[in-house]
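Have a look at upload.csv; it's CSV, C-alpha atoms:
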```
chain,number,residue,atom,x,y,z
A,29,MET,CA,0.0,0.0,0.0
A,30,GLU,CA,1.2,3.5,-0.9
A,31,ASP,CA,2.1,5.4,2.3
A,32,PHE,CA,2.5,2.2,4.4
A,33,GLY,CA,6.0,3.5,5.4
A,34,ALA,CA,4.4,6.8,6.4
A,35,PHE,CA,1.7,5.0,8.4
A,36,THR,CA,4.3,2.9,10.3
A,37,ARG,CA,6.3,6.1,11.1
A,38,GLU,CA,3.2,7.7,12.5
A,39,LEU,CA,2.6,4.5,14.5
A,40,ASP,CA,6.2,4.5,15.8
A,41,LYS,CA,5.7,8.0,17.1
A,42,LEU,CA,2.4,7.0,18.9
A,43,ALA,CA,3.8,3.7,20.3
A,44,SER,CA,7.3,4.8,21.2
A,45,GLU,CA,6.9,5.5,24.9
A,46,GLY,CA,7.2,2.0,26.3
A,47,PRO,CA,4.2,-0.2,27.4
A,48,LEU,CA,0.8,1.1,26.3
A,49,SER,CA,-0.2,1.4,29.9
A,50,ASN,CA,2.4,4.2,30.3
A,51,ASN,CA,1.7,5.8,26.9
A,52,PRO,CA,-0.5,8.9,26.9
A,53,ASN,CA,-1.5,8.1,23.3
A,54,TRP,CA,-3.4,4.9,24.2
A,55,GLU,CA,-6.3,4.0,26.5
A,56,GLN,CA,-7.9,0.8,27.4
A,57,MET,CA,-11.4,1.8,26.4
A,58,THR,CA,-12.2,0.0,23.1
A,59,VAL,CA,-15.0,-2.5,23.1
A,60,ASP,CA,-16.9,-4.3,20.2
A,61,ILE,CA,-20.3,-4.4,21.7
A,62,GLU,CA,-20.9,-2.1,24.7
A,63,GLU,CA,-24.0,-3.9,26.0
A,64,ARG,CA,-22.1,-7.2,26.5
A,65,GLY,CA,-19.8,-5.8,29.2
A,66,GLU,CA,-16.7,-7.2,27.5
A,67,ALA,CA,-13.2,-6.5,28.7
A,68,ARG,CA,-11.8,-3.4,27.0
A,69,SER,CA,-8.9,-3.4,24.6
A,70,TRP,CA,-6.3,-0.8,23.7
A,71,GLY,CA,-7.1,2.0,21.3
A,72,LEU,CA,-5.8,5.5,20.4
A,73,THR,CA,-7.0,8.4,22.5
A,74,SER,CA,-9.3,11.0,20.9
A,75,GLU,CA,-6.3,13.4,20.9
A,76,ALA,CA,-4.1,11.0,19.0
A,77,ILE,CA,-7.0,10.2,16.6
A,78,SER,CA,-7.5,13.9,15.9
A,79,GLU,CA,-3.8,14.3,15.1
A,80,LEU,CA,-3.7,11.2,12.8
A,81,SER,CA,-6.9,12.1,11.0
A,82,GLY,CA,-5.3,15.2,9.5
A,83,SER,CA,-2.0,13.5,8.7
A,84,ARG,CA,-0.6,13.2,5.2
A,85,PRO,CA,-1.0,9.3,5.0
A,86,VAL,CA,-4.7,9.5,5.8
A,87,GLN,CA,-5.2,12.3,3.2
A,88,ASN,CA,-3.4,10.2,0.6
A,89,ILE,CA,-5.5,7.1,1.4
A,90,MET,CA,-8.7,9.2,0.9
A,91,ALA,CA,-7.3,10.5,-2.4
A,92,ARG,CA,-6.6,7.0,-3.5
A,93,LEU,CA,-10.2,5.9,-2.6
A,94,GLU,CA,-11.5,8.8,-4.6
A,95,TRP,CA,-9.5,7.5,-7.6
A,96,MET,CA,-10.8,4.0,-7.1
A,97,TYR,CA,-14.4,5.2,-6.9
A,98,PRO,CA,-14.8,8.1,-9.2
A,99,ASP,CA,-18.6,7.9,-9.1
A,100,TYR,CA,-18.7,8.7,-5.4
A,101,THR,CA,-17.8,11.6,-3.0
A,102,ILE,CA,-16.0,10.0,-0.1
A,103,GLY,CA,-15.4,11.3,3.4
A,104,LEU,CA,-14.8,10.1,6.9
A,105,MET,CA,-18.0,9.3,8.7
A,106,PRO,CA,-19.6,12.4,10.2
A,107,GLU,CA,-19.9,12.2,14.0
A,108,CYS,CA,-23.6,13.2,13.7
A,109,ILE,CA,-24.3,9.6,12.5
A,110,SER,CA,-23.3,8.1,15.8
A,111,GLY,CA,-24.0,11.1,18.0
A,112,GLY,CA,-20.2,11.2,18.7
A,113,ALA,CA,-20.2,7.7,20.1
A,114,CYS,CA,-18.2,6.2,17.3
A,115,ALA,CA,-14.9,7.8,16.0
A,116,PRO,CA,-14.4,8.0,12.3
A,117,LEU,CA,-10.9,6.7,12.7
A,118,VAL,CA,-9.8,4.0,15.2
A,119,GLY,CA,-6.4,2.7,16.1
A,120,ASN,CA,-6.3,-0.8,17.6
A,121,ALA,CA,-3.6,-2.7,19.6
A,122,ILE,CA,-4.6,-6.2,20.5
A,123,TYR,CA,-2.9,-8.7,22.7
A,124,HIS,CA,-2.8,-12.5,23.4
A,125,GLY,CA,-5.6,-13.6,25.8
A,126,GLN,CA,-8.1,-11.0,24.8
A,127,ASP,CA,-11.6,-12.0,23.5
A,128,PHE,CA,-13.4,-10.2,20.7
A,129,ALA,CA,-17.1,-10.4,19.7
A,130,TRP,CA,-18.7,-10.7,16.3
A,131,HIS,CA,-20.0,-7.2,15.4
A,132,VAL,CA,-20.6,-4.7,12.6
A,133,ASP,CA,-19.0,-1.3,12.4
A,134,MET,CA,-22.3,0.5,11.7
A,135,ASP,CA,-25.6,-0.1,9.9
A,136,PRO,CA,-27.7,2.8,8.5
A,137,LEU,CA,-30.8,0.9,9.7
A,138,ARG,CA,-29.6,1.2,13.3
A,139,VAL,CA,-28.2,4.7,13.6
A,140,SER,CA,-29.6,6.9,16.4
A,141,TYR,CA,-32.2,9.5,15.5
A,142,GLY,CA,-30.7,12.8,14.6
A,143,PRO,CA,-29.7,15.1,11.7
A,144,TRP,CA,-28.6,12.1,9.6
A,145,VAL,CA,-31.8,10.2,10.0
A,146,GLU,CA,-33.8,13.4,9.4
A,147,ARG,CA,-32.1,13.8,6.0
A,148,TYR,CA,-31.8,10.2,4.8
A,149,GLY,CA,-34.1,8.1,7.1
A,150,TRP,CA,-33.3,4.6,8.2
A,151,TYR,CA,-32.3,2.4,5.3
A,152,PRO,CA,-30.4,-0.8,4.4
A,153,ASN,CA,-26.8,-0.3,3.4
A,154,ARG,CA,-26.5,-0.3,-0.5
A,155,ARG,CA,-30.0,1.1,-1.1
A,156,ARG,CA,-30.2,2.9,-4.4
A,157,GLY,CA,-29.4,6.6,-4.2
A,158,HIS,CA,-28.4,6.5,-0.6
A,159,PRO,CA,-24.9,6.9,1.0
A,160,LEU,CA,-22.9,3.7,1.5
A,161,PHE,CA,-21.3,3.0,4.9
A,162,ALA,CA,-17.8,1.3,4.4
A,163,SER,CA,-14.6,0.8,6.4
A,164,VAL,CA,-11.0,0.3,5.5
A,165,VAL,CA,-8.9,-1.8,7.8
A,166,ILE,CA,-5.1,-1.3,7.4
A,167,TYR,CA,-2.6,-3.7,9.0
A,168,LEU,CA,0.4,-1.7,10.4
A,169,ASP,CA,3.0,-4.2,11.6
A,170,ARG,CA,5.9,-4.3,9.2
A,171,GLU,CA,6.4,-8.1,9.9
A,172,TRP,CA,3.8,-10.4,11.5
A,173,PRO,CA,4.7,-14.1,11.2
A,174,GLU,CA,1.9,-16.6,10.5
A,175,GLU,CA,2.3,-18.3,13.8
A,176,TYR,CA,1.4,-15.0,15.6
A,177,GLN,CA,-2.2,-15.4,14.3
A,178,ALA,CA,-4.4,-12.3,15.0
A,179,GLU,CA,-6.5,-12.8,11.9
A,180,THR,CA,-9.7,-10.9,11.1
A,181,LEU,CA,-12.7,-13.1,10.3
A,182,PHE,CA,-15.6,-12.0,8.1
A,183,MET,CA,-18.9,-13.9,7.8
A,184,ASP,CA,-22.0,-14.0,5.7
A,185,ILE,CA,-24.8,-14.4,8.2
A,186,ASP,CA,-27.2,-16.2,5.8
A,187,SER,CA,-24.8,-18.9,4.7
A,188,GLY,CA,-22.6,-19.1,7.8
A,189,VAL,CA,-19.6,-19.0,5.4
A,190,GLY,CA,-16.8,-16.4,5.5
A,191,VAL,CA,-13.2,-15.5,4.9
A,192,CYS,CA,-10.1,-15.2,7.1
A,193,VAL,CA,-7.6,-12.4,6.5
A,194,ARG,CA,-4.1,-12.7,7.9
A,195,PRO,CA,-2.3,-9.5,9.0
A,196,SER,CA,0.4,-8.4,6.6
A,197,GLY,CA,2.3,-5.1,6.5
A,198,GLY,CA,0.5,-2.8,4.1
A,199,ARG,CA,-2.5,-5.0,3.5
A,200,ALA,CA,-5.9,-3.3,3.5
A,201,VAL,CA,-9.4,-4.6,3.7
A,202,LEU,CA,-12.2,-2.5,2.2
A,203,MET,CA,-15.6,-3.6,3.4
A,204,ASP,CA,-19.3,-2.7,3.9
A,205,GLN,CA,-19.7,-1.6,7.5
A,206,ASP,CA,-22.6,-4.1,8.0
A,207,VAL,CA,-20.4,-7.1,7.3
A,208,PRO,CA,-20.2,-9.1,10.5
A,209,HIS,CA,-16.6,-9.6,11.6
A,210,ARG,CA,-14.4,-10.3,14.6
A,211,ILE,CA,-10.7,-10.3,15.5
A,212,VAL,CA,-8.7,-13.3,16.6
A,213,ALA,CA,-6.3,-12.5,19.4
A,214,PRO,CA,-2.5,-13.0,18.9
A,215,SER,CA,-1.1,-16.3,19.9
A,216,ALA,CA,1.1,-16.9,22.9
A,217,VAL,CA,4.2,-16.9,20.8
A,218,ALA,CA,3.6,-13.3,19.7
A,219,THR,CA,6.2,-11.7,21.9
A,220,THR,CA,8.8,-8.9,21.8
A,221,GLU,CA,12.6,-9.6,22.2
A,222,ASP,CA,12.3,-9.4,26.0
A,223,GLY,CA,9.4,-11.9,26.1
A,224,SER,CA,6.7,-9.4,26.7
A,225,PRO,CA,3.4,-9.9,24.8
A,226,ARG,CA,3.5,-8.2,21.4
A,227,PRO,CA,0.5,-6.2,20.2
A,228,ARG,CA,-0.9,-6.4,16.7
A,229,TYR,CA,-1.6,-2.9,15.4
A,230,SER,CA,-4.3,-1.8,12.9
A,231,LEU,CA,-6.0,1.3,11.8
A,232,VAL,CA,-9.7,1.5,10.8
A,233,LEU,CA,-11.1,4.4,8.7
A,234,LYS,CA,-14.9,4.6,8.8
A,235,LEU,CA,-16.2,6.1,5.6
A,236,VAL,CA,-19.4,7.3,3.8
A,237,LEU,CA,-19.6,7.1,0.0
A,238,TRP,CA,-22.1,9.4,-1.5
A,239,PRO,CA,-23.2,8.4,-5.1
A,240,LYS,CA,-22.8,11.2,-7.5
A,241,LEU,CA,-25.8,9.8,-9.5
A,242,ALA,CA,-29.0,9.9,-7.5
A,243,ALA,CA,-30.4,6.7,-9.0
A,244,ALA,CA,-27.2,4.6,-8.5
A,245,ARG,CA,-27.1,1.6,-6.3
A,246,PRO,CA,-23.9,2.0,-4.3
A,247,SER,CA,-21.4,-0.9,-4.2
A,248,LEU,CA,-17.7,-1.6,-3.5
A,249,GLN,CA,-17.6,-3.9,-6.5
A,250,GLY,CA,-16.8,-3.1,-10.1
A,251,VAL,CA,-14.3,-0.3,-9.5
A,252,ARG,CA,-10.8,0.5,-10.8
A,253,SER,CA,-8.2,-1.9,-9.7
A,254,SER,CA,-6.1,-0.4,-6.9
A,255,SER,CA,-3.0,-1.9,-8.5
A,256,ASN,CA,-3.4,0.5,-11.4
A,257,GLY,CA,-3.7,3.5,-9.3
A,258,PRO,CA,-1.2,5.5,-7.4
A,259,GLY,CA,1.1,3.3,-5.3
A,260,ASP,CA,0.8,-0.5,-4.8
A,261,GLY,CA,-0.2,-3.0,-2.3
A,262,GLN,CA,-3.0,-5.5,-1.4
A,263,VAL,CA,-6.6,-4.3,-1.2
A,264,LEU,CA,-9.3,-6.8,-0.5
A,265,ARG,CA,-12.9,-5.8,-1.0
A,266,LEU,CA,-15.7,-7.4,1.0
A,267,ALA,CA,-19.4,-6.7,0.5
A,268,SER,CA,-22.6,-8.0,2.0
A,269,ARG,CA,-25.3,-9.2,-0.4
A,270,ALA,CA,-26.9,-6.3,-2.3
A,271,CYS,CA,-30.2,-5.3,-0.9
A,272,LYS,CA,-33.2,-6.1,-3.0
```
Could you take the file, read its structure, and then write that structure out as structure tokens?
Amino acid sequence: MEDFGAFTRELDKLASEGPLSNNPNWEQMTVDIEERGEARSWGLTSEAISELSGSRPVQNIMARLEWMYPDYTIGLMPECISGGACAPLVGNAIYHGQDFAWHVDMDPLRVSYGPWVERYGWYPNRRRGHPLFASVVIYLDREWPEEYQAETLFMDIDSGVGVCVRPSGGRAVLMDQDVPHRIVAPSAVATTEDGSPRPRYSLVLKLVLWPKLAAARPSLQGVRSSSNGPGDGQVLRLASRACK
């Protein structure tokens, strides 16, 4: 992925102050489903997210997405959609022994009532003429051996069949936000040189794609190949079934 080196340099700055418990850029407040009372995992603080959101690497990723999807206007998810409860950019650090739930990032059928619903209503993702909710997951570790695990699992609810994506430096997954997914924790062998547990880092950009044609049915499929655009890397697109 173009700008992978820039992303890892940004990560080095944010994670360079020893254990995350002593690092002011991180807080143990991230949870997949609030109502389940799960143990919280490590994520970037709101201050670190704000700094990263305006960084050159994020700007370049957004420009690349605009190139891949010329029929859409693309932006980070406005906070009015979630009432400020869901950040448009999330940095994750996951460790061995943590447990993660199946969840979706967001579903336009389930957003809280507010300015967004007043304008667009509640609707299934991929409805014709409506904004599409999508996410980009970027794996940030330069090297992550297979035995360290920490894969991301994606599943189609109707069939019970899905895919498994292994972390790889510079790999990105572009998905509809209503695709159910969960993280597998790193294995016990994922350690640093001193034997301490090693976290697996990722960055998630939560996006809205506005179709430029009012009658268009939004989709992540059928776009320009990312390999022909600026930069290089691996981009996997995952979409739920198109709504009827």
Exercise. What does the distance between CA of Glu38 (chain A) and CA of Cys114 (chain A) come to in Å, to one decimal place?
Worked result: 22.0 Å
Tell me, counting all atoms listed in the file, for each residue of region 129-168 of chain A within 10 Å of region 217-229 of chain A, which pair of atoms is nearest and how far apart they are in Å to one decimal, in rows ordered by chain and increasing number, as CSV.
```
residue,atom,partner,partner_atom,distance
A:Ile166,CA,A:Tyr229,CA,8.9
A:Tyr167,CA,A:Tyr229,CA,6.5
A:Leu168,CA,A:Tyr229,CA,5.5
```
Problem set entry | Protein, DNA and RNA residues within 9 Å of (-8.2, -0.3, 23.9), all atoms listed in the file, as a PyMOL selection string | chain A and resi 54-59+68-73+119-122
Seminar exercise, completed: Counting only C-alpha atoms, closest pick from A:Val132, A:Ala200, A:Met90, A:Leu117 relative to Lys234 (chain A) is A:Leu117
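Restricting the calculation to only C-alpha atoms, the smallest distance between Glu79 (chain A) and any of A:Ser230, A:Asn53, A:Val201, A:Pro173 is found for A:Asn53.
Note that the spacing between CA of Trp238 (chain A) and CA of Ala91 (chain A) amounts to 14.9 Å.
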For this session: Identify the residues within 10 Å of coordinate (-10.4, -1.2, 7.4) (same frame as the file), considering only C-alpha atoms, and give the answer as a PyMOL selection string.
Result: chain A and resi 117-118+133+162-167+199-205+230-235+263-265
Keeping only C-alpha atoms, write those residues as an mmCIF file, in the coordinates of the input.
```cif
data_model
loop_
_atom_site.group_PDB
_atom_site.id
_atom_site.type_symbol
_atom_site.label_atom_id
_atom_site.label_comp_id
_atom_site.auth_asym_id
_atom_site.auth_seq_id
_atom_site.Cartn_x
_atom_site.Cartn_y
_atom_site.Cartn_z
ATOM 1 C CA LEU A 117 -10.900 6.700 12.700
ATOM 2 C CA VAL A 118 -9.800 4.000 15.200
ATOM 3 C CA ASP A 133 -19.000 -1.300 12.400
ATOM 4 C CA ALA A 162 -17.800 1.300 4.400
ATOM 5 C CA SER A 163 -14.600 0.800 6.400
ATOM 6 C CA VAL A 164 -11.000 0.300 5.500
ATOM 7 C CA VAL A 165 -8.900 -1.800 7.800
ATOM 8 C CA ILE A 166 -5.100 -1.300 7.400
ATOM 9 C CA TYR A 167 -2.600 -3.700 9.000
ATOM 10 C CA ARG A 199 -2.500 -5.000 3.500
ATOM 11 C CA ALA A 200 -5.900 -3.300 3.500
ATOM 12 C CA VAL A 201 -9.400 -4.600 3.700
ATOM 13 C CA LEU A 202 -12.200 -2.500 2.200
ATOM 14 C CA MET A 203 -15.600 -3.600 3.400
ATOM 15 C CA ASP A 204 -19.300 -2.700 3.900
ATOM 16 C CA GLN A 205 -19.700 -1.600 7.500
ATOM 17 C CA SER A 230 -4.300 -1.800 12.900
ATOM 18 C CA LEU A 231 -6.000 1.300 11.800
ATOM 19 C CA VAL A 232 -9.700 1.500 10.800
ATOM 20 C CA LEU A 233 -11.100 4.400 8.700
ATOM 21 C CA LYS A 234 -14.900 4.600 8.800
ATOM 22 C CA LEU A 235 -16.200 6.100 5.600
ATOM 23 C CA VAL A 263 -6.600 -4.300 -1.200
ATOM 24 C CA LEU A 264 -9.300 -6.800 -0.500
ATOM 25 C CA ARG A 265 -12.900 -5.800 -1.000
#
```
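Non-sequential neighbours of Ala243 (chain A) (distance at most 9 Å, separation of 4 or more positions within a chain, all atoms listed in the file) are Arg156, Gly157, His158 and Pro239 of chain A.
Between CA of Pro106 (chain A) and CA of Gly198 (chain A) there is a distance of 25.9 Å.
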Problem set entry | Contacts of Tyr148 (chain A) within 9 Å, only C-alpha atoms, excl. fewer than 4 positions in-chain, as a PyMOL selection string | chain A and resi 143-144+158-159
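Comparing the minimum interatomic distances between Pro246 (chain A) and each of A:Ser74, A:Asn153, A:Ser140, A:Asn88, counting all atoms listed in the file, we find that A:Asn153 sits nearest.
When all atoms listed in the file are used to measure the gap to Pro136 (chain A), the shortest distance among A:Asp186, A:Gln87, A:Val236, A:Pro47 belongs to A:Val236.
Omitting Gly125 (chain A) and its sequence neighbours fewer than 4 positions away, and counting only C-alpha atoms, the residues within 10 Å are Val212, Ala213, Pro214, Ser215, Ala216 and Pro225 of chain A.
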How would the residues just chosen look if you wrote them out with C-alpha atoms as a PDB file, in the coordinates of the input?
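Final output, saved to again.pdb:
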```pdb
ATOM      1  CA  VAL A 212      -8.700 -13.300  16.600  1.00  0.00           C
ATOM      2  CA  ALA A 213      -6.300 -12.500  19.400  1.00  0.00           C
ATOM      3  CA  PRO A 214      -2.500 -13.000  18.900  1.00  0.00           C
ATOM      4  CA  SER A 215      -1.100 -16.300  19.900  1.00  0.00           C
ATOM      5  CA  ALA A 216       1.100 -16.900  22.900  1.00  0.00           C
ATOM      6  CA  PRO A 225       3.400  -9.900  24.800  1.00  0.00           C
TER       7      PRO A 225
END
```
